[in-house]
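Raw entry-v2.cif, mmCIF, C-alpha atoms:
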```
data_start
#
loop_
_atom_site.label_atom_id
_atom_site.label_comp_id
_atom_site.auth_asym_id
_atom_site.auth_seq_id
_atom_site.Cartn_x
_atom_site.Cartn_y
_atom_site.Cartn_z
CA MET A 207 -11.15 -8.85 46.28
CA ALA A 208 -13.65 -6.65 44.49
CA THR A 209 -15.35 -6.13 47.80
CA ASP A 210 -12.43 -3.95 48.87
CA THR A 211 -12.91 -1.69 45.88
CA LEU A 212 -16.55 -0.76 46.35
CA LEU A 213 -17.12 2.01 48.78
CA LEU A 214 -20.46 1.25 50.29
CA ASP A 215 -19.21 1.71 53.83
CA THR A 216 -20.68 -1.39 55.39
CA ASN A 217 -19.13 -0.40 58.72
CA ARG A 218 -21.60 2.48 58.85
CA LEU A 219 -24.57 0.19 58.22
CA THR A 220 -26.18 -1.33 61.29
CA ARG A 221 -26.79 -5.09 61.31
CA ARG A 222 -30.51 -4.36 60.90
CA GLU A 223 -29.88 -2.16 57.84
CA THR A 224 -27.62 -4.82 56.35
CA LYS A 225 -30.25 -7.54 56.90
CA ILE A 226 -32.97 -5.35 55.38
CA SER A 227 -30.77 -4.68 52.35
CA ILE A 228 -30.02 -8.38 51.88
CA PHE A 229 -33.74 -9.19 52.26
CA LEU A 230 -34.70 -6.64 49.59
CA ILE A 231 -32.05 -7.91 47.17
CA GLY A 232 -33.21 -11.48 47.90
CA LEU A 233 -36.78 -10.48 47.03
CA MET A 234 -35.55 -9.09 43.74
CA PHE A 235 -33.64 -12.29 42.98
CA PHE A 236 -36.85 -14.23 43.66
CA ILE A 237 -38.68 -12.08 41.12
CA PHE A 238 -35.83 -12.45 38.61
CA GLY A 239 -36.07 -16.21 38.96
CA PHE A 240 -39.84 -16.33 38.71
CA ILE A 241 -39.81 -14.43 35.45
CA SER A 242 -36.69 -16.02 33.95
CA TRP A 243 -37.36 -19.69 34.61
CA VAL A 244 -40.91 -19.62 33.28
CA ASN A 245 -39.15 -19.81 29.91
CA SER A 246 -38.71 -23.55 30.53
CA ILE A 247 -42.43 -24.03 29.94
CA LEU A 248 -42.93 -21.10 27.56
CA ILE A 249 -40.66 -22.88 25.05
CA PRO A 250 -42.81 -26.03 24.63
CA TYR A 251 -45.98 -23.94 25.06
CA PHE A 252 -45.11 -21.59 22.19
CA LYS A 253 -43.83 -24.53 20.14
CA ILE A 254 -47.36 -25.95 20.19
CA ALA A 255 -49.36 -22.72 20.14
CA CYS A 256 -47.33 -21.03 17.38
CA GLU A 257 -46.44 -24.26 15.51
CA LEU A 258 -42.65 -23.94 15.70
CA THR A 259 -39.56 -26.09 15.10
CA SER A 260 -37.19 -26.77 18.01
CA PHE A 261 -34.80 -24.08 16.74
CA GLN A 262 -37.61 -21.51 16.48
CA ALA A 263 -38.93 -22.40 19.93
CA TYR A 264 -35.53 -21.76 21.52
CA LEU A 265 -35.67 -18.21 20.19
CA VAL A 266 -37.65 -17.63 23.40
CA ALA A 267 -34.38 -17.94 25.33
CA PHE A 268 -32.48 -16.03 22.64
CA ALA A 269 -34.81 -13.02 22.65
CA PHE A 270 -34.92 -12.94 26.43
CA TYR A 271 -31.20 -13.21 27.12
CA ILE A 272 -29.67 -11.41 24.15
CA ALA A 273 -30.96 -8.28 25.87
CA TYR A 274 -28.24 -8.79 28.48
CA PHE A 275 -25.57 -8.54 25.80
CA ILE A 276 -27.08 -5.40 24.32
CA MET A 277 -28.06 -3.59 27.51
CA SER A 278 -25.55 -4.49 30.21
CA VAL A 279 -22.87 -1.89 29.35
CA PRO A 280 -25.44 0.88 28.70
CA ALA A 281 -26.96 -0.15 32.05
CA SER A 282 -23.68 0.72 33.80
CA TYR A 283 -23.81 4.24 32.36
CA LEU A 284 -27.49 4.52 33.27
CA LEU A 285 -26.71 3.55 36.86
CA LYS A 286 -23.84 6.03 36.95
CA ALA A 287 -26.15 8.80 35.72
CA VAL A 288 -29.24 8.19 37.86
CA GLY A 289 -27.98 6.06 40.76
CA PHE A 290 -28.63 2.46 41.64
CA LYS A 291 -32.11 2.81 43.14
CA LYS A 292 -33.61 4.91 40.35
CA GLY A 293 -31.92 2.58 37.87
CA MET A 294 -33.63 -0.38 39.53
CA MET A 295 -36.99 1.38 39.20
CA ILE A 296 -36.37 1.90 35.48
CA GLY A 297 -35.45 -1.79 35.18
CA PHE A 298 -38.71 -2.90 36.80
CA TRP A 299 -40.69 -0.55 34.57
CA ALA A 300 -39.02 -1.97 31.46
CA MET A 301 -40.00 -5.45 32.62
CA ALA A 302 -43.57 -4.26 33.15
CA LEU A 303 -43.67 -2.93 29.58
CA GLY A 304 -42.46 -6.29 28.28
CA ALA A 305 -45.21 -8.10 30.19
CA PHE A 306 -47.85 -5.77 28.72
CA ILE A 307 -46.54 -6.48 25.19
CA PHE A 308 -47.72 -10.07 25.68
CA ILE A 309 -51.31 -8.82 25.43
CA PRO A 310 -51.26 -7.71 21.75
CA ALA A 311 -48.98 -10.66 20.95
CA ALA A 312 -51.58 -13.09 22.32
CA MET A 313 -54.47 -11.30 20.63
CA THR A 314 -52.83 -11.80 17.23
CA ARG A 315 -50.89 -15.03 17.99
CA THR A 316 -47.79 -13.36 16.58
CA TYR A 317 -44.62 -15.08 17.74
CA ALA A 318 -42.40 -12.14 16.76
CA VAL A 319 -44.34 -9.83 19.09
CA PHE A 320 -44.00 -12.34 21.93
CA LEU A 321 -40.25 -12.28 21.29
CA MET A 322 -40.32 -8.47 21.44
CA GLY A 323 -42.01 -8.67 24.84
CA LEU A 324 -39.44 -11.17 26.08
CA PHE A 325 -36.62 -8.96 24.80
CA THR A 326 -38.05 -5.95 26.65
CA ILE A 327 -38.33 -7.97 29.88
CA GLY A 328 -34.70 -8.98 29.34
CA ILE A 329 -33.71 -5.30 28.99
CA GLY A 330 -35.19 -4.59 32.40
CA LEU A 331 -33.54 -7.61 33.95
CA ALA A 332 -30.15 -6.60 32.52
CA ILE A 333 -30.41 -3.27 34.32
CA LEU A 334 -31.46 -4.94 37.56
CA GLN A 335 -28.78 -7.63 37.43
CA THR A 336 -26.08 -5.03 36.75
CA ALA A 337 -27.20 -3.22 39.90
CA THR A 338 -27.94 -6.07 42.30
CA ASN A 339 -24.93 -8.35 41.83
CA PRO A 340 -22.38 -5.75 43.06
CA TYR A 341 -24.71 -5.02 45.98
CA ILE A 342 -24.80 -8.57 47.28
CA THR A 343 -21.06 -9.03 46.68
CA ILE A 344 -20.19 -6.27 49.16
CA LEU A 345 -22.92 -6.54 51.81
CA GLY A 346 -20.67 -8.38 54.25
CA PRO A 347 -17.21 -9.96 54.57
CA LYS A 348 -15.54 -10.71 51.24
CA GLU A 349 -14.67 -14.30 52.18
CA ARG A 350 -18.39 -14.99 52.61
CA ALA A 351 -19.43 -13.47 49.28
CA ALA A 352 -20.18 -16.92 47.81
CA GLN A 353 -22.40 -17.63 50.82
CA ARG A 354 -24.48 -14.52 50.20
CA ILE A 355 -24.64 -15.16 46.47
CA SER A 356 -25.79 -18.71 47.28
CA LEU A 357 -28.59 -17.27 49.41
CA MET A 358 -29.62 -15.14 46.45
CA GLY A 359 -29.44 -18.26 44.31
CA ILE A 360 -31.86 -20.05 46.62
CA CYS A 361 -34.30 -17.16 46.23
CA ASN A 362 -33.84 -17.28 42.45
CA LYS A 363 -34.15 -21.04 42.05
CA ALA A 364 -37.00 -21.41 44.54
CA ALA A 365 -38.92 -19.02 42.32
CA GLY A 366 -37.81 -21.12 39.36
CA ILE A 367 -39.36 -24.21 40.94
CA LEU A 368 -42.65 -22.39 41.41
CA SER A 369 -42.89 -20.45 38.15
CA PRO A 370 -43.43 -23.29 35.63
CA LEU A 371 -45.85 -24.98 38.03
CA VAL A 372 -47.79 -21.74 38.58
CA PHE A 373 -47.76 -20.99 34.84
CA ALA A 374 -49.00 -24.49 34.05
CA ALA A 375 -51.72 -24.24 36.70
CA VAL A 376 -52.94 -20.90 35.29
CA ILE A 377 -52.54 -21.62 31.57
CA LEU A 378 -52.93 -25.37 31.03
CA ARG A 379 -56.03 -27.50 31.59
CA PRO A 380 -56.47 -31.24 32.19
CA THR A 381 -58.16 -31.56 28.77
CA ASP A 382 -55.16 -30.07 26.93
CA THR A 383 -53.49 -33.48 26.53
CA ASP A 384 -56.41 -34.55 24.33
CA LEU A 385 -56.34 -31.19 22.53
CA PHE A 386 -52.65 -31.54 21.67
CA ALA A 387 -53.25 -35.07 20.36
CA GLN A 388 -56.13 -33.91 18.14
CA LEU A 389 -54.44 -30.86 16.60
CA SER A 390 -52.90 -32.74 13.68
CA SER A 391 -56.27 -34.15 12.63
CA MET A 392 -58.12 -30.82 12.74
CA SER A 393 -58.88 -28.67 9.73
CA ALA A 394 -56.82 -25.50 9.32
CA ASN A 395 -59.66 -23.31 10.64
CA GLN A 396 -60.36 -25.55 13.62
CA ARG A 397 -56.69 -25.76 14.52
CA GLY A 398 -56.26 -22.00 14.20
CA ALA A 399 -59.23 -21.35 16.49
CA ALA A 400 -58.00 -23.87 19.07
CA LEU A 401 -54.49 -22.41 19.07
CA ASP A 402 -55.85 -18.84 19.31
CA GLU A 403 -57.78 -19.84 22.42
CA LEU A 404 -54.73 -21.59 23.85
CA VAL A 405 -52.33 -18.68 23.41
CA ARG A 406 -54.75 -16.03 24.71
CA ARG A 407 -54.69 -17.67 28.12
CA VAL A 408 -51.46 -15.75 28.82
CA ILE A 409 -53.24 -12.39 28.76
CA PRO A 410 -54.62 -12.27 32.36
CA PRO A 411 -51.43 -13.45 34.15
CA TYR A 412 -49.13 -11.15 32.17
CA ALA A 413 -51.46 -8.18 32.67
CA VAL A 414 -51.31 -8.80 36.43
CA LEU A 415 -47.53 -9.31 36.26
CA GLY A 416 -46.99 -6.04 34.40
CA THR A 417 -49.01 -4.09 36.96
CA PHE A 418 -47.14 -5.74 39.85
CA LEU A 419 -43.72 -4.95 38.35
CA PHE A 420 -44.64 -1.31 37.74
CA VAL A 421 -45.72 -0.82 41.36
CA LEU A 422 -42.74 -2.75 42.70
CA GLY A 423 -40.32 -0.54 40.79
CA TYR A 424 -41.61 2.53 42.58
CA LEU A 425 -41.52 0.78 45.98
CA VAL A 426 -37.87 -0.25 45.46
CA TYR A 427 -37.00 3.35 44.61
CA ARG A 428 -38.59 4.48 47.88
CA SER A 429 -36.95 1.64 49.87
CA PRO A 430 -34.10 2.06 52.42
CA LEU A 431 -31.50 0.42 50.16
CA PRO A 432 -28.22 2.38 50.41
CA GLU A 433 -26.48 3.80 47.35
CA ILE A 434 -23.00 2.44 46.57
CA ASP A 435 -19.95 4.24 45.24
CA THR A 436 -17.86 2.39 42.67
CA GLU A 437 -15.95 5.41 41.38
CA HIS A 438 -13.33 5.55 44.16
CA GLU A 439 -10.74 3.04 45.24
CA THR A 440 -8.95 1.99 48.38
CA PRO A 441 -5.26 3.07 48.34
CA ASP A 442 -3.81 -0.40 47.64
CA VAL A 443 -6.16 -1.02 44.71
CA ALA A 444 -5.58 2.49 43.36
CA THR A 445 -1.82 1.83 43.35
CA ALA A 446 -2.23 -1.54 41.61
CA ASN A 447 -4.49 -0.02 38.94
CA ALA A 448 -2.52 3.21 38.47
CA GLY A 449 -1.42 2.32 34.95
CA LYS A 450 -4.72 0.78 33.85
CA THR A 451 -6.70 2.71 31.23
CA SER A 452 -9.05 0.05 29.87
CA ILE A 453 -11.26 -2.76 31.14
CA LEU A 454 -9.50 -4.99 28.59
CA GLN A 455 -6.36 -4.83 30.76
CA PHE A 456 -7.96 -7.24 33.24
CA PRO A 457 -7.65 -10.67 31.59
CA HIS A 458 -9.12 -12.52 34.57
CA LEU A 459 -12.28 -10.44 34.09
CA MET A 460 -12.54 -11.09 30.35
CA LEU A 461 -11.87 -14.81 30.80
CA GLY A 462 -14.43 -14.76 33.62
CA ALA A 463 -17.04 -13.13 31.38
CA PHE A 464 -16.63 -15.98 28.89
CA ALA A 465 -16.92 -18.42 31.80
CA ILE A 466 -20.20 -16.73 32.78
CA PHE A 467 -21.34 -17.03 29.14
CA LEU A 468 -20.74 -20.78 29.13
CA HIS A 469 -22.01 -21.37 32.67
CA VAL A 470 -25.39 -19.73 32.19
CA GLY A 471 -25.67 -21.50 28.83
CA THR A 472 -25.19 -24.89 30.46
CA GLN A 473 -27.63 -23.95 33.22
CA VAL A 474 -30.41 -22.85 30.90
CA ILE A 475 -29.94 -25.89 28.66
CA ALA A 476 -30.28 -28.20 31.68
CA ILE A 477 -33.53 -26.51 32.69
CA ASP A 478 -35.17 -25.31 29.46
CA THR A 479 -34.57 -28.49 27.41
CA ILE A 480 -35.57 -31.10 29.95
CA ILE A 481 -39.29 -30.92 29.18
CA GLY A 482 -38.58 -31.57 25.50
CA TYR A 483 -36.24 -34.41 26.47
CA ALA A 484 -38.98 -35.91 28.64
CA ASN A 485 -41.44 -35.54 25.73
CA SER A 486 -39.06 -37.60 23.58
CA MET A 487 -39.52 -40.43 26.09
CA GLY A 488 -43.30 -40.34 25.78
CA ILE A 489 -43.96 -38.12 28.82
CA ASP A 490 -46.56 -35.49 27.87
CA LEU A 491 -46.31 -31.78 28.72
CA LEU A 492 -48.67 -31.88 31.70
CA LYS A 493 -46.51 -34.54 33.39
CA ALA A 494 -43.14 -33.28 32.14
CA LYS A 495 -43.73 -29.78 33.53
CA VAL A 496 -42.22 -30.83 36.89
CA PHE A 497 -38.78 -31.77 35.54
CA PRO A 498 -37.39 -28.19 35.55
CA SER A 499 -38.41 -28.03 39.20
CA TYR A 500 -36.41 -31.18 39.94
CA THR A 501 -33.32 -29.62 38.35
CA LEU A 502 -33.80 -26.39 40.27
CA PHE A 503 -34.32 -28.33 43.50
CA CYS A 504 -30.90 -29.95 42.99
CA THR A 505 -29.48 -26.46 42.47
CA ILE A 506 -30.96 -25.32 45.77
CA CYS A 507 -29.44 -28.36 47.48
CA GLY A 508 -26.07 -27.24 46.13
CA TYR A 509 -26.64 -23.73 47.45
CA VAL A 510 -27.46 -25.07 50.91
CA ILE A 511 -24.29 -27.17 50.88
CA GLY A 512 -22.35 -24.04 49.90
CA ILE A 513 -23.87 -21.95 52.68
CA ILE A 514 -22.96 -24.59 55.25
CA THR A 515 -19.46 -25.38 54.01
CA ILE A 516 -18.07 -22.09 52.58
CA PRO A 517 -15.64 -20.87 53.89
CA ARG A 518 -15.58 -23.03 57.03
CA PHE A 519 -14.78 -26.35 55.35
CA ILE A 520 -14.00 -25.44 51.76
CA SER A 521 -12.89 -22.31 49.93
CA GLN A 522 -14.98 -20.59 47.26
CA VAL A 523 -12.52 -21.52 44.53
CA ASN A 524 -12.39 -25.22 45.49
CA ALA A 525 -16.19 -25.37 45.51
CA LEU A 526 -16.09 -23.93 41.98
CA ARG A 527 -13.57 -26.59 40.89
CA ILE A 528 -15.67 -29.43 42.28
CA CYS A 529 -18.85 -28.18 40.60
CA THR A 530 -17.24 -27.75 37.19
CA LEU A 531 -15.78 -31.27 37.37
CA LEU A 532 -19.20 -32.65 38.30
CA GLY A 533 -20.73 -30.86 35.32
CA ALA A 534 -18.33 -32.58 32.92
CA LEU A 535 -18.96 -35.97 34.58
CA PHE A 536 -22.77 -35.67 34.51
CA THR A 537 -22.67 -34.61 30.85
CA LEU A 538 -20.79 -37.79 29.92
CA LEU A 539 -23.30 -39.82 31.93
CA ILE A 540 -26.18 -38.18 30.04
CA ILE A 541 -24.60 -39.22 26.75
CA PHE A 542 -23.44 -42.71 27.59
CA THR A 543 -25.94 -44.15 30.07
CA ASN A 544 -29.23 -45.71 29.04
CA GLY A 545 -31.92 -47.95 30.43
CA THR A 546 -35.47 -47.37 31.59
CA VAL A 547 -36.06 -46.64 35.27
CA THR A 548 -39.09 -45.60 37.29
CA PHE A 549 -38.42 -42.84 39.81
CA LEU A 550 -40.70 -40.28 41.47
CA GLY A 551 -43.58 -41.74 39.47
CA HIS A 552 -41.89 -41.21 36.08
CA THR A 553 -40.85 -44.05 33.81
CA ALA A 554 -38.05 -42.68 31.65
CA ASP A 555 -34.51 -43.28 30.44
CA MET A 556 -32.09 -42.92 33.36
CA SER A 557 -30.10 -40.28 31.45
CA ILE A 558 -32.77 -37.69 32.20
CA TRP A 559 -31.87 -37.89 35.90
CA PHE A 560 -28.31 -36.84 35.09
CA VAL A 561 -29.78 -33.78 33.36
CA VAL A 562 -31.58 -33.15 36.65
CA LEU A 563 -28.26 -33.55 38.53
CA LEU A 564 -26.70 -30.83 36.39
CA GLY A 565 -28.62 -28.53 38.72
CA LEU A 566 -26.31 -29.64 41.53
CA ALA A 567 -23.20 -29.23 39.37
CA ASN A 568 -24.22 -25.72 38.31
CA SER A 569 -25.21 -24.54 41.78
CA LEU A 570 -22.01 -22.88 43.05
CA VAL A 571 -20.46 -21.90 39.72
CA TRP A 572 -22.04 -18.43 39.53
CA ALA A 573 -21.19 -17.75 43.17
CA GLY A 574 -17.60 -18.82 42.57
CA LEU A 575 -17.07 -16.90 39.33
CA TRP A 576 -18.22 -13.43 40.43
CA PRO A 577 -15.73 -12.78 43.26
CA LEU A 578 -12.84 -14.16 41.19
CA ALA A 579 -13.69 -12.13 38.08
CA LEU A 580 -14.27 -8.83 39.96
CA ASP A 581 -11.12 -9.16 42.03
CA GLY A 582 -9.13 -5.89 42.19
CA LEU A 583 -11.04 -3.93 39.53
CA GLY A 584 -11.31 -0.75 41.59
CA ARG A 585 -12.83 2.12 39.59
CA PHE A 586 -13.49 -0.36 36.77
CA THR A 587 -15.84 -2.43 38.95
CA LYS A 588 -19.14 -1.10 37.62
CA LEU A 589 -18.08 -1.60 34.01
CA GLY A 590 -16.58 -4.96 34.94
CA ALA A 591 -19.91 -6.05 36.43
CA SER A 592 -21.58 -4.98 33.19
CA ILE A 593 -19.14 -7.10 31.20
CA LEU A 594 -20.02 -10.10 33.36
CA ILE A 595 -23.72 -9.42 32.90
CA MET A 596 -23.09 -9.38 29.15
CA GLY A 597 -22.01 -12.98 29.61
CA LEU A 598 -25.63 -13.81 30.39
CA CYS A 599 -26.25 -13.75 26.65
CA GLY A 600 -24.96 -17.33 26.86
CA ASN A 601 -28.54 -18.08 27.88
CA ALA A 602 -29.53 -16.78 24.44
CA ILE A 603 -26.86 -18.41 22.30
CA MET A 604 -26.26 -21.85 23.81
CA PRO A 605 -29.89 -23.12 23.60
CA LEU A 606 -29.84 -22.31 19.87
CA PHE A 607 -26.82 -24.60 19.44
CA TYR A 608 -28.72 -27.25 21.36
CA GLY A 609 -31.88 -26.70 19.29
CA TYR A 610 -29.94 -26.88 16.02
CA LEU A 611 -28.26 -30.14 17.04
CA ALA A 612 -31.59 -31.51 18.31
CA ASP A 613 -33.20 -30.89 14.90
CA LEU A 614 -30.13 -32.25 13.08
CA TYR A 615 -29.54 -35.34 15.25
CA SER A 616 -31.66 -35.87 18.37
CA VAL A 617 -32.54 -34.17 21.64
CA HIS A 618 -30.26 -36.70 23.36
CA THR A 619 -27.19 -36.27 21.15
CA ALA A 620 -27.53 -32.49 21.39
CA TYR A 621 -26.35 -32.60 25.02
CA TRP A 622 -22.79 -32.99 23.68
CA VAL A 623 -22.84 -29.18 23.43
CA LEU A 624 -22.36 -29.05 27.22
CA PHE A 625 -19.06 -30.92 27.43
CA PRO A 626 -16.64 -28.32 25.99
CA CYS A 627 -18.37 -25.69 28.13
CA TYR A 628 -17.52 -27.55 31.32
CA LEU A 629 -13.94 -28.13 30.13
CA TYR A 630 -13.45 -24.36 29.85
CA LEU A 631 -15.06 -23.78 33.26
CA ILE A 632 -12.62 -26.29 34.76
CA TYR A 633 -9.76 -24.33 33.15
CA TYR A 634 -10.96 -21.02 34.61
CA ALA A 635 -11.51 -22.50 38.07
CA ILE A 636 -8.01 -23.98 38.18
CA TYR A 637 -5.91 -21.46 36.25
CA GLY A 638 -7.80 -18.80 34.28
CA HIS A 639 -8.82 -16.65 37.26
CA LYS A 640 -5.13 -16.22 38.17
CA VAL A 641 -4.20 -14.57 34.85
CA LYS A 642 -3.57 -10.89 35.69
CA ARG A 643 -1.89 -9.79 32.49
CA TRP A 644 -2.06 -10.86 28.88
CA SER A 645 0.88 -12.84 27.57
CA PHE A 646 1.02 -14.10 23.99
CA SER A 647 4.60 -15.38 23.99
#
```
As a first step, turn the structure in this file into structure tokens.
Amino acid sequence: MATDTLLLDTNRLTRRETKISIFLIGLMFFIFGFISWVNSILIPYFKIACELTSFQAYLVAFAFYIAYFIMSVPASYLLKAVGFKKGMMIGFWAMALGAFIFIPAAMTRTYAVFLMGLFTIGIGLAILQTATNPYITILGPKERAAQRISLMGICNKAAGILSPLVFAAVILRPTDTDLFAQLSSMSANQRGAALDELVRRVIPPYAVLGTFLFVLGYLVYRSPLPEIDTEHETPDVATANAGKTSILQFPHLMLGAFAIFLHVGTQVIAIDTIIGYANSMGIDLLKAKVFPSYTLFCTICGYVIGIITIPRFISQVNALRICTLLGALFTLLIIFTNGTVTFLGHTADMSIWFVVLLGLANSLVWAGLWPLALDGLGRFTKLGASILIMGLCGNAIMPLFYGYLADLYSVHTAYWVLFPCYLYLIYYAIYGHKVKRWSFS
């Protein structure tokens, strides 16, 4: 496993130091989730405030996550040059800058500047994700890596449940339902003034967020987190990798990076599109805002199941196989089931609840992919982690496919984009992670 190849000597860490380190990384994952999953409500919010098509609105996810593709490999060199803790500080400061960019964007109601702010936040997150994922992979026994990653997932998704609700509470008002209904009948000047007022509500929360992230970056730098060494290898891994000169010589990593690309794409589609899907059923934004939280709650349930059952009752790889199969099944149920049901106070087509259940299907995929993809990389581990982080650009690309199909056909039909993604994930879980050398015969 990759955990054998990273030389943070966990034997020299006391149990207290290990717990403190896991707590600090968990706090960071909570912050990552709070900032990332607010996109699920930013998309419909900007669609109204900046008068966008579905495709244009999903550029929120594109701008945010394409930063991972651009920055993840440079982040590995940054971490190598300055160390993990200073690199984390730089990542938090980049996120703070992105939050502050929201202020001039809101003052001018310029969507392109909002996208620049989101891209800058994504740059910071790419640095932080490149640093924190190797940390949590090695802070403990390798066979329990999926357990620890699941704990981080709970922190991330719990924040995701809160963030759209907090954003809605701070930004939206009970009278906004009437405002949204009246926009089409307003004159151009009246509509412009109303939308200016609406979009400027983001200024106070993002000013506070930027200040918090700046301070937090410094505190993490001064924290007791240990540095880790990924430049040396244990003897058995060094022997296995003796003839390796390129990261491209690890097919299970490259196939795993594409699996990450598709997995995060399916995850963000399940969460970021569900409000729009609820809107198509006549559920307004103020009521639909809770649906991303339902999906994330299902994800947390999956994490809890993983923590209890892995590795005592089920292996990491078998959990991955089950989740990918569930994803394919739920996708088909989204497409082919119909009928109105009332559940949790919402009257909607039953298919929306299978979108919610995709949260359960997606829960243990990330935790299963990382240990398999980083297996045996040795001195290539840091770059390998960067390649996997590059896969997070699936969050940027896949929603655009969904948005394009939604404009072309319908928000319901567009969920077909998920099915081939889950088919590939099933392939990687069963066979792809075992491919150790390229063979084109």
For the file shown, what are the residues hit by the PyMOL selection byres ((chain A and resi 623) around 9), laid out as an mmCIF file with C-alpha atoms, in the coordinates of the input?
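Output (out10.cif):
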```
data_model
loop_
_atom_site.group_PDB
_atom_site.id
_atom_site.type_symbol
_atom_site.label_atom_id
_atom_site.label_comp_id
_atom_site.auth_asym_id
_atom_site.auth_seq_id
_atom_site.Cartn_x
_atom_site.Cartn_y
_atom_site.Cartn_z
ATOM 1 C CA THR A 472 -25.190 -24.890 30.460
ATOM 2 C CA MET A 604 -26.260 -21.850 23.810
ATOM 3 C CA PHE A 607 -26.820 -24.600 19.440
ATOM 4 C CA TYR A 608 -28.720 -27.250 21.360
ATOM 5 C CA LEU A 611 -28.260 -30.140 17.040
ATOM 6 C CA THR A 619 -27.190 -36.270 21.150
ATOM 7 C CA ALA A 620 -27.530 -32.490 21.390
ATOM 8 C CA TYR A 621 -26.350 -32.600 25.020
ATOM 9 C CA TRP A 622 -22.790 -32.990 23.680
ATOM 10 C CA LEU A 624 -22.360 -29.050 27.220
ATOM 11 C CA PHE A 625 -19.060 -30.920 27.430
ATOM 12 C CA PRO A 626 -16.640 -28.320 25.990
ATOM 13 C CA CYS A 627 -18.370 -25.690 28.130
#
```
To one decimal place, how far is CA of Asp478 in chain A from CA of Gly533 in chain A in Å?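 Rounded to one decimal, the two atoms are 16.5 Å apart.
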What does the structure give for the distance between CA of Ile296 in chain A and CA of Ile342 in chain A, in Å to one decimal? 19.6 Å
Name all residues at most 12 Å from Leu535 in chain A (count all atoms listed in the file; drop same-chain ones fewer than 5 positions away) and give them as a ChimeraX atom specification. /A:528-530,540-543,560-561,563-564,566-567,622,624-626,628-629,632
What do you get, as JSON, numbers by chain, if you spell out every residue that the PyMOL selection byres ((chain A and resi 641) around 12) selects here? {"A": [455, 456, 457, 458, 459, 460, 461, 462, 578, 579, 581, 633, 634, 635, 636, 637, 638, 639, 640, 642, 643, 644, 645]}
Closest of A:His618, A:Lys292, A:Lys588, A:Arg315 to Thr537 in chain A, counting only C-alpha atoms, is A:His618
Result set, the PyMOL selection byres ((chain A and resi 318) around 12) on current file, as number ranges by chain: A: 252, 256, 258, 262-263, 265-266, 269, 307-308, 310-312, 314-317, 319-325
Could you tell me how far CA of Ala399 in chain A sits from CA of Arg379 in chain A, in Å to one decimal place?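 According to the coordinates, CA of Arg379 in chain A and CA of Ala399 in chain A are separated by 16.6 Å.
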Polymer residues at most 12 Å from (-21.7, -6.5, 27.6) by only C-alpha atoms, as a VMD selection string: chain A and resid 271 to 283 332 to 333 336 453 460 463 to 464 466 to 467 588 to 600
Minimum-distance residue to Arg518 in chain A, chosen among A:Phe497, A:Phe261, A:Pro410, A:Gln353 (using all atoms listed in the file):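 Selected residue with least distance to Arg518 in chain A: A:Gln353.
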Which is closer to Ile247 in chain A than all the others in A:Lys363, A:Asn601, A:Ala394, A:Ala267, using only C-alpha atoms?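 Of A:Lys363, A:Asn601, A:Ala394, A:Ala267, the one nearest Ile247 in chain A, counting only C-alpha atoms, is A:Ala267.
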Between A:Ala602, A:Leu230, A:Ile249, A:Met295, which is the closest to Gly328 in chain A once you count all atoms listed in the file?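 The answer is A:Ala602, which sits nearest to Gly328 in chain A.
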Would you mind telling me which residue in A:Leu531, A:Leu631, A:Val421, A:Met392 lies nearest to Gly471 in chain A when using all atoms listed in the file? A:Leu631
Around the point (-45.7, -31.7, 30.2), in the coordinates given by the file, pick out the residues reaching within 9 Å, counting only C-alpha atoms, and return them as a PyMOL selection string. chain A and resi 247+250+374+383+481-482+484-485+489-497
Selected residue, from A:Gly545, A:Gly584, A:Gly297, A:Gly416, that lies nearest to Thr451 in chain A when counting only C-alpha atoms: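 That would be A:Gly584, the residue with the smallest distance to Thr451 in chain A.
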Please determine an axis-aligned box that encloses all atoms of range 399-411 of chain A listed in the file, with 8 Å added on each side, and express its centre and edge lengths in Å to one decimal as AutoDock Vina command-line options.
```
--center_x -55.3 --center_y -18.1 --center_z 25.3 --size_x 23.8 --size_y 27.6 --size_z 33.7
```
Reconstructed range 413-418 of chain A, atom set N, CA and C atoms, as a PDB file, in the frame of the given file:
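Everything below was put into selection_30.pdb:
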```
ATOM      1  N   ALA A 413     -50.928  -9.497  32.317  1.00  0.00           N
ATOM      2  CA  ALA A 413     -51.460  -8.180  32.670  1.00  0.00           C
ATOM      3  C   ALA A 413     -51.265  -7.909  34.161  1.00  0.00           C
ATOM      4  N   VAL A 414     -51.520  -8.931  34.984  1.00  0.00           N
ATOM      5  CA  VAL A 414     -51.310  -8.800  36.430  1.00  0.00           C
ATOM      6  C   VAL A 414     -49.818  -8.621  36.727  1.00  0.00           C
ATOM      7  N   LEU A 415     -48.969  -9.403  36.049  1.00  0.00           N
ATOM      8  CA  LEU A 415     -47.530  -9.310  36.260  1.00  0.00           C
ATOM      9  C   LEU A 415     -47.006  -7.925  35.919  1.00  0.00           C
ATOM     10  N   GLY A 416     -47.443  -7.368  34.798  1.00  0.00           N
ATOM     11  CA  GLY A 416     -46.990  -6.040  34.400  1.00  0.00           C
ATOM     12  C   GLY A 416     -47.362  -4.981  35.420  1.00  0.00           C
ATOM     13  N   THR A 417     -48.566  -5.055  35.943  1.00  0.00           N
ATOM     14  CA  THR A 417     -49.010  -4.090  36.960  1.00  0.00           C
ATOM     15  C   THR A 417     -48.177  -4.230  38.234  1.00  0.00           C
ATOM     16  N   PHE A 418     -47.939  -5.478  38.645  1.00  0.00           N
ATOM     17  CA  PHE A 418     -47.140  -5.740  39.850  1.00  0.00           C
ATOM     18  C   PHE A 418     -45.724  -5.183  39.707  1.00  0.00           C
TER      19      PHE A 418
END
```
